[in-house]
>>> print(open('coords-v9.cif').read())   # mmCIF, C-alpha atoms
data_input
loop_
_atom_site.label_atom_id
_atom_site.label_comp_id
_atom_site.auth_asym_id
_atom_site.auth_seq_id
_atom_site.Cartn_x
_atom_site.Cartn_y
_atom_site.Cartn_z
CA MET N 1 -6.17 27.27 2.17
CA GLU N 2 -8.55 28.06 -0.70
CA ASN N 3 -9.46 25.78 -3.58
CA LYS N 4 -10.34 27.05 -7.07
CA ILE N 5 -12.84 24.23 -7.68
CA ASN N 6 -16.35 25.71 -7.69
CA HIS N 7 -18.10 23.06 -5.51
CA ILE N 8 -15.89 23.57 -2.46
CA LYS N 9 -14.84 26.75 -0.64
CA HIS N 10 -13.81 28.20 2.72
CA ILE N 11 -11.52 25.34 3.71
CA LYS N 12 -10.24 25.62 7.28
CA GLU N 13 -7.57 23.23 8.58
CA THR N 14 -6.76 22.39 12.19
CA VAL N 15 -3.82 20.09 12.98
CA LEU N 16 -4.91 17.47 15.52
CA SER N 17 -1.66 15.49 15.60
CA ASP N 18 1.73 15.61 13.90
CA GLN N 19 3.73 13.20 16.03
CA HIS N 20 4.54 10.75 13.23
CA TYR N 21 2.23 11.61 10.37
CA ILE N 22 -0.27 14.47 10.13
CA LEU N 23 -3.90 14.24 11.23
CA LYS N 24 -6.02 17.29 10.40
CA LYS N 25 -9.60 18.34 10.94
CA LEU N 26 -10.97 20.09 7.86
CA SER N 27 -14.07 22.26 7.79
CA PHE N 28 -15.34 23.43 4.40
CA ASP N 29 -18.40 24.53 2.47
CA TYR N 30 -19.54 21.94 -0.07
CA MET N 31 -22.14 22.43 -2.84
CA THR N 32 -24.42 19.39 -2.98
CA SER N 33 -25.80 17.99 -6.24
CA ASP N 34 -29.01 20.05 -5.77
CA GLY N 35 -26.98 23.31 -5.64
CA LYS N 36 -27.20 23.93 -1.90
CA TRP N 37 -24.18 24.84 0.21
CA GLU N 38 -23.58 22.96 3.43
CA ARG N 39 -20.78 23.09 6.01
CA GLN N 40 -18.97 19.75 6.32
CA HIS N 41 -16.25 18.49 8.67
CA ARG N 42 -13.79 15.67 8.01
CA GLU N 43 -10.65 14.26 9.60
CA VAL N 44 -7.88 13.64 7.08
CA TYR N 45 -4.75 11.60 7.73
CA ASN N 46 -1.64 12.37 5.66
CA ARG N 47 1.13 9.76 5.86
CA GLY N 48 2.56 10.40 2.40
CA ASP N 49 2.30 8.28 -0.73
CA GLY N 50 3.57 4.72 -1.00
CA ALA N 51 4.50 1.88 -3.31
CA GLY N 52 3.92 -1.86 -3.19
CA ILE N 53 5.13 -4.81 -5.26
CA LEU N 54 4.44 -8.48 -5.84
CA LEU N 55 7.47 -10.49 -6.96
CA TYR N 56 6.96 -13.75 -8.84
CA ASN N 57 9.19 -16.51 -10.16
CA ARG N 58 8.07 -18.06 -13.46
CA LYS N 59 10.27 -21.12 -13.25
CA LYS N 60 9.35 -22.10 -9.69
CA LYS N 61 5.78 -20.69 -9.91
CA THR N 62 6.22 -18.87 -6.60
CA VAL N 63 5.54 -15.41 -5.19
CA LEU N 64 7.26 -13.46 -2.43
CA LEU N 65 5.19 -12.03 0.40
CA ILE N 66 6.06 -10.72 3.83
CA LYS N 67 4.47 -11.36 7.20
CA GLN N 68 4.46 -8.71 9.88
CA PHE N 69 2.48 -7.49 12.87
CA ARG N 70 -0.07 -4.74 12.17
CA MET N 71 -1.56 -3.15 15.27
CA PRO N 72 -4.60 -1.56 13.54
CA ALA N 73 -5.54 -4.95 12.03
CA TYR N 74 -5.07 -6.60 15.43
CA LEU N 75 -7.39 -4.04 17.04
CA ASN N 76 -10.01 -4.78 14.37
CA GLY N 77 -10.16 -8.56 14.76
CA ALA N 78 -7.20 -9.91 12.78
CA LYS N 79 -6.48 -12.74 15.26
CA ASP N 80 -2.82 -12.33 16.27
CA GLY N 81 -2.31 -9.22 14.10
CA PHE N 82 0.19 -10.85 11.73
CA ILE N 83 -0.70 -10.08 8.11
CA ASN N 84 0.54 -11.76 4.92
CA GLU N 85 1.11 -8.94 2.47
CA ILE N 86 3.13 -7.55 -0.40
CA CYS N 87 6.42 -5.73 0.10
CA GLY N 88 5.97 -1.97 0.25
CA GLY N 89 6.74 1.33 1.88
CA LEU N 90 6.44 5.10 1.84
CA LEU N 91 7.98 7.06 -1.02
CA ASP N 92 9.63 9.54 1.33
CA ASP N 93 11.57 11.73 -1.13
CA ASP N 94 11.95 9.06 -3.83
CA ASP N 95 10.01 8.41 -7.01
CA PRO N 96 7.83 5.26 -6.87
CA GLU N 97 10.29 3.01 -8.79
CA THR N 98 13.29 3.99 -6.67
CA CYS N 99 11.23 3.51 -3.53
CA ILE N 100 10.01 0.04 -4.42
CA MET N 101 13.45 -1.21 -5.44
CA ARG N 102 14.77 0.02 -2.06
CA GLU N 103 11.94 -1.71 -0.21
CA VAL N 104 12.53 -4.99 -2.07
CA ARG N 105 16.15 -4.93 -0.93
CA GLU N 106 15.32 -4.00 2.70
CA GLU N 107 12.30 -6.25 3.23
CA LEU N 108 12.84 -9.20 0.87
CA GLY N 109 16.63 -9.20 0.47
CA PHE N 110 16.52 -9.19 -3.34
CA GLU N 111 18.24 -6.83 -5.76
CA ILE N 112 15.97 -6.22 -8.76
CA SER N 113 16.65 -3.95 -11.72
CA THR N 114 13.31 -3.75 -13.52
CA VAL N 115 9.72 -3.43 -12.38
CA LYS N 116 6.39 -3.08 -14.16
CA LYS N 117 3.92 -0.52 -12.84
CA VAL N 118 0.41 -1.93 -13.06
CA TYR N 119 -1.71 0.79 -11.47
CA GLU N 120 -1.96 3.54 -8.88
CA GLY N 121 -4.84 4.47 -6.65
CA PHE N 122 -5.99 5.93 -3.37
CA SER N 123 -5.88 3.56 -0.40
CA SER N 124 -8.92 4.85 1.48
CA PRO N 125 -9.97 8.17 -0.09
CA GLY N 126 -12.54 8.95 2.59
CA VAL N 127 -9.85 9.47 5.24
CA LEU N 128 -6.32 9.06 3.79
CA THR N 129 -4.49 11.31 1.33
CA GLU N 130 -2.20 8.36 0.51
CA LYS N 131 -1.87 7.30 -3.13
CA MET N 132 -0.28 3.89 -3.68
CA HIS N 133 1.79 2.93 -6.72
CA PHE N 134 1.65 -0.79 -7.50
CA PHE N 135 4.23 -2.90 -9.30
CA ILE N 136 5.03 -6.48 -10.22
CA ALA N 137 8.46 -7.90 -11.06
CA GLU N 138 10.02 -11.23 -11.84
CA TYR N 139 12.70 -12.55 -9.50
CA THR N 140 15.22 -15.39 -9.59
CA ASP N 141 17.23 -17.02 -6.82
CA GLU N 142 20.36 -15.32 -8.21
CA MET N 143 18.92 -11.91 -7.27
CA LYS N 144 18.98 -12.70 -3.54
CA VAL N 145 21.65 -10.61 -1.81
CA ASP N 146 20.72 -10.93 1.87
CA SER N 147 18.04 -12.24 4.22
CA GLY N 148 15.80 -9.15 4.13
CA GLY N 149 13.52 -8.68 7.11
CA GLY N 150 13.31 -4.88 7.13
CA LEU N 151 15.22 -2.23 9.03
CA ALA N 152 15.63 -2.29 12.80
CA THR N 153 15.77 1.52 12.73
CA GLU N 154 12.19 1.47 11.41
CA GLN N 155 11.17 -1.15 13.99
CA GLU N 156 10.46 -3.64 11.23
CA ASP N 157 10.31 -7.31 12.17
CA ILE N 158 9.48 -8.95 8.84
CA GLU N 159 9.34 -12.61 7.89
CA VAL N 160 9.95 -13.29 4.18
CA LEU N 161 7.59 -15.86 2.68
CA GLU N 162 8.27 -17.65 -0.60
CA ILE N 163 4.97 -19.31 -1.40
CA PRO N 164 3.81 -21.43 -4.33
CA TYR N 165 1.53 -19.27 -6.46
CA SER N 166 -1.27 -21.85 -6.23
CA GLU N 167 -1.03 -21.74 -2.43
CA ALA N 168 -1.17 -17.94 -2.43
CA ILE N 169 -4.36 -18.11 -4.52
CA ASP N 170 -5.80 -20.66 -2.06
CA MET N 171 -4.91 -18.28 0.81
CA LEU N 172 -6.65 -15.49 -1.09
CA ASN N 173 -9.77 -17.60 -1.64
CA ASN N 174 -10.01 -18.91 1.93
CA GLY N 175 -9.50 -15.55 3.66
CA LYS N 176 -5.92 -16.03 4.88
CA ILE N 177 -4.81 -13.03 2.81
CA ILE N 178 -6.80 -10.03 4.02
CA ASP N 179 -4.64 -7.11 2.88
CA THR N 180 -6.41 -5.39 -0.03
CA ARG N 181 -3.15 -4.36 -1.72
CA THR N 182 -2.06 -7.99 -1.80
CA ILE N 183 -5.46 -9.17 -2.98
CA VAL N 184 -5.41 -6.78 -5.94
CA LEU N 185 -1.91 -7.74 -7.08
CA LEU N 186 -2.61 -11.47 -6.78
CA GLN N 187 -5.78 -10.93 -8.81
CA TYR N 188 -3.72 -8.99 -11.35
CA LEU N 189 -1.49 -12.05 -11.80
CA GLN N 190 -4.60 -14.21 -12.20
CA ILE N 191 -6.40 -11.94 -14.67
CA HIS N 192 -3.33 -11.46 -16.85
CA LYS N 193 -2.30 -15.13 -16.55
CA VAL N 194 1.24 -14.10 -15.63
CA LEU N 195 2.14 -17.50 -14.17
CA ASP N 196 -0.07 -19.69 -16.36
#
>>> encode(input="coords-v9.cif", output="C-alpha cells")
Amino acid sequence: MENKINHIKHIKETVLSDQHYILKKLSFDYMTSDGKWERQHREVYNRGDGAGILLYNRKKKTVLLIKQFRMPAYLNGAKDGFINEICGGLLDDDDPETCIMREVREELGFEISTVKKVYEGFSSPGVLTEKMHFFIAEYTDEMKVDSGGGLATEQEDIEVLEIPYSEAIDMLNNGKIIDTRTIVLLQYLQIHKVLD
C-alpha cells in the first residue's frame, strides 16, 4: 500500500489478528518536521466506523442512557465493568443515520424518525481507525415500541436507563459517567441549553 502524501512512504502492513475486527502492524517511513526520514512502527485496530446518540425528553427533562458490561473498562479499573453510556453501534453497511435509528430501536426500544447530527470525530486516532458520528434526538413516551435491551445474537445484555437530566449532569460531574462519548453529548446539551 502506497500513499501519495509526501511525508509518508513505504507503508508495509502485516495482519496480526482478524478474528472479529482487524489488527495490523504498520511499518512506514515518516518525514519529521526537521526534514529527516525515520522508520516508524504502529499497531492499528480497524473495527469500522460507528454512530452514537443521546435521546432527551423536553417535557420530562430526562435523557436515555444504557448500562452494559465493558470488559476493557473492567480490566482498566472500572469497578464492576458496567458503564453508563449513550446508545450506539457500528455502521456495518449503513449510513450513520440509518445505523443510529436501528440502534435506538434495538437498544432503547424507541422508534424515532428524526435525528440531529452534532459532530463526527475519531475515537482514539493513535490506535483506532474508527470515526464516530454523533447525534441527538428528542423522544416521547409514545415512541416506545418495545423494551429494548439489545440483540441476543450480538451478546448484548443492556439495561435501559431513563434518568433526569439534572441527575445525569451530577453523574457526569461526580465521575459516575466515564464514557467519553457520553460526556461529550451531555456537554453538548449543556452548552447549547437544549433542556434549559
>>> atom_distance(input="coords-v9.cif", atom1="CA of Leu75 in chain N", atom2="CA of Leu23 in chain N")
19.5 Å
>>> resolve_selection(input="coords-v9.cif", expression="the PyMOL selection byres ((chain N and resi 183) around 10)", output="list of chain:residue names")
N:Glu85, N:Ile86, N:Ala168, N:Ile169, N:Met171, N:Leu172, N:Asn173, N:Ile177, N:Ile178, N:Asp179, N:Thr180, N:Arg181, N:Thr182, N:Val184, N:Leu185, N:Leu186, N:Gln187, N:Tyr188
>>> write_last_selection(input="coords-v9.cif", atoms="C-alpha atoms", output="JSON list (two decimals), keeping the file's coordinate frame")
[["chain", "number", "residue", "atom", "x", "y", "z"],
["N", 85, "GLU", "CA", 1.11, -8.94, 2.47],
["N", 86, "ILE", "CA", 3.13, -7.55, -0.40],
["N", 168, "ALA", "CA", -1.17, -17.94, -2.43],
["N", 169, "ILE", "CA", -4.36, -18.11, -4.52],
["N", 171, "MET", "CA", -4.91, -18.28, 0.81],
["N", 172, "LEU", "CA", -6.65, -15.49, -1.09],
["N", 173, "ASN", "CA", -9.77, -17.60, -1.64],
["N", 177, "ILE", "CA", -4.81, -13.03, 2.81],
["N", 178, "ILE", "CA", -6.80, -10.03, 4.02],
["N", 179, "ASP", "CA", -4.64, -7.11, 2.88],
["N", 180, "THR", "CA", -6.41, -5.39, -0.03],
["N", 181, "ARG", "CA", -3.15, -4.36, -1.72],
["N", 182, "THR", "CA", -2.06, -7.99, -1.80],
["N", 184, "VAL", "CA", -5.41, -6.78, -5.94],
["N", 185, "LEU", "CA", -1.91, -7.74, -7.08],
["N", 186, "LEU", "CA", -2.61, -11.47, -6.78],
["N", 187, "GLN", "CA", -5.78, -10.93, -8.81],
["N", 188, "TYR", "CA", -3.72, -8.99, -11.35]]
>>> resolve_selection(input="coords-v9.cif", expression="the PyMOL selection byres ((chain N and resi 95-101) around 10)", output="ChimeraX atom specification")
/N:49-53,87-94,102-106,110-117,132-135
>>> closest_residue(input="coords-v9.cif", among="N:Lys144, N:Arg58, N:Lys131, N:Lys36", to="Leu195 in chain N", atoms="only C-alpha atoms")
N:Arg58
>>> resolve_selection(input="coords-v9.cif", expression="the PyMOL selection byres ((chain N and resi 140) around 12)", output="list in words")
Leu55, Tyr56, Asn57, Arg58, Lys59, Lys60, Lys61, Thr62, Val63, Leu64, Gly109, Phe110, Glu111, Ile112, Ser113, Ala137, Glu138, Tyr139, Asp141, Glu142, Met143, Lys144, Val145 and Glu162 of chain N
>>> atom_distance(input="coords-v9.cif", atom1="CA of Lys9 in chain N", atom2="CA of Lys24 in chain N")
17.0 Å
>>> atom_distance(input="coords-v9.cif", atom1="CA of Ala152 in chain N", atom2="CA of Ala78 in chain N")
24.1 Å
>>> residues_around(input="coords-v9.cif", residues="Gln68 in chain N", least_positions_apart="2", cutoff="10 Å", atoms="only C-alpha atoms", output="list in words")
Ile66, Arg70, Met71, Gly81, Phe82, Ile83, Asn84, Glu85, Gly149, Glu156, Asp157, Ile158, Glu159 and Val160 of chain N
>>> write_last_selection(input="coords-v9.cif", atoms="C-alpha atoms", output="compact mmCIF listing (two decimals), in the frame of the given file")
# COMPACT_ATOMS: atom_id res chain seq x y z
CA ILE N 66 6.06 -10.72 3.83
CA ARG N 70 -0.07 -4.74 12.17
CA MET N 71 -1.56 -3.15 15.27
CA GLY N 81 -2.31 -9.22 14.10
CA PHE N 82 0.19 -10.85 11.73
CA ILE N 83 -0.70 -10.08 8.11
CA ASN N 84 0.54 -11.76 4.92
CA GLU N 85 1.11 -8.94 2.47
CA GLY N 149 13.52 -8.68 7.11
CA GLU N 156 10.46 -3.64 11.23
CA ASP N 157 10.31 -7.31 12.17
CA ILE N 158 9.48 -8.95 8.84
CA GLU N 159 9.34 -12.61 7.89
CA VAL N 160 9.95 -13.29 4.18
>>> closest_residue(input="coords-v9.cif", among="N:Thr32, N:Gln40, N:Ser17, N:Asn46", to="Ser124 in chain N", atoms="only C-alpha atoms")
N:Asn46
>>> closest_residue(input="coords-v9.cif", among="N:Leu65, N:Gly48, N:Asn76, N:Glu38", to="Phe122 in chain N", atoms="all atoms listed in the file")
N:Gly48
>>> closest_residue(input="coords-v9.cif", among="N:Asp196, N:Glu43, N:Asp146, N:Glu154", to="Leu128 in chain N", atoms="all atoms listed in the file")
N:Glu43
>>> axis_aligned_box(input="coords-v9.cif", around="range 41-47 of chain N", padding_each_side="5 Å", output="AutoDock Vina command-line options")
--center_x -7.6 --center_y 14.1 --center_z 7.6 --size_x 27.4 --size_y 18.7 --size_z 13.9
>>> closest_residue(input="coords-v9.cif", among="N:Ser33, N:Ser27, N:Thr14, N:Thr129", to="Tyr45 in chain N", atoms="only C-alpha atoms")
N:Thr129
>>> closest_residue(input="coords-v9.cif", among="N:Lys79, N:Leu16, N:Leu54, N:Pro72", to="Val194 in chain N", atoms="all atoms listed in the file")
N:Leu54
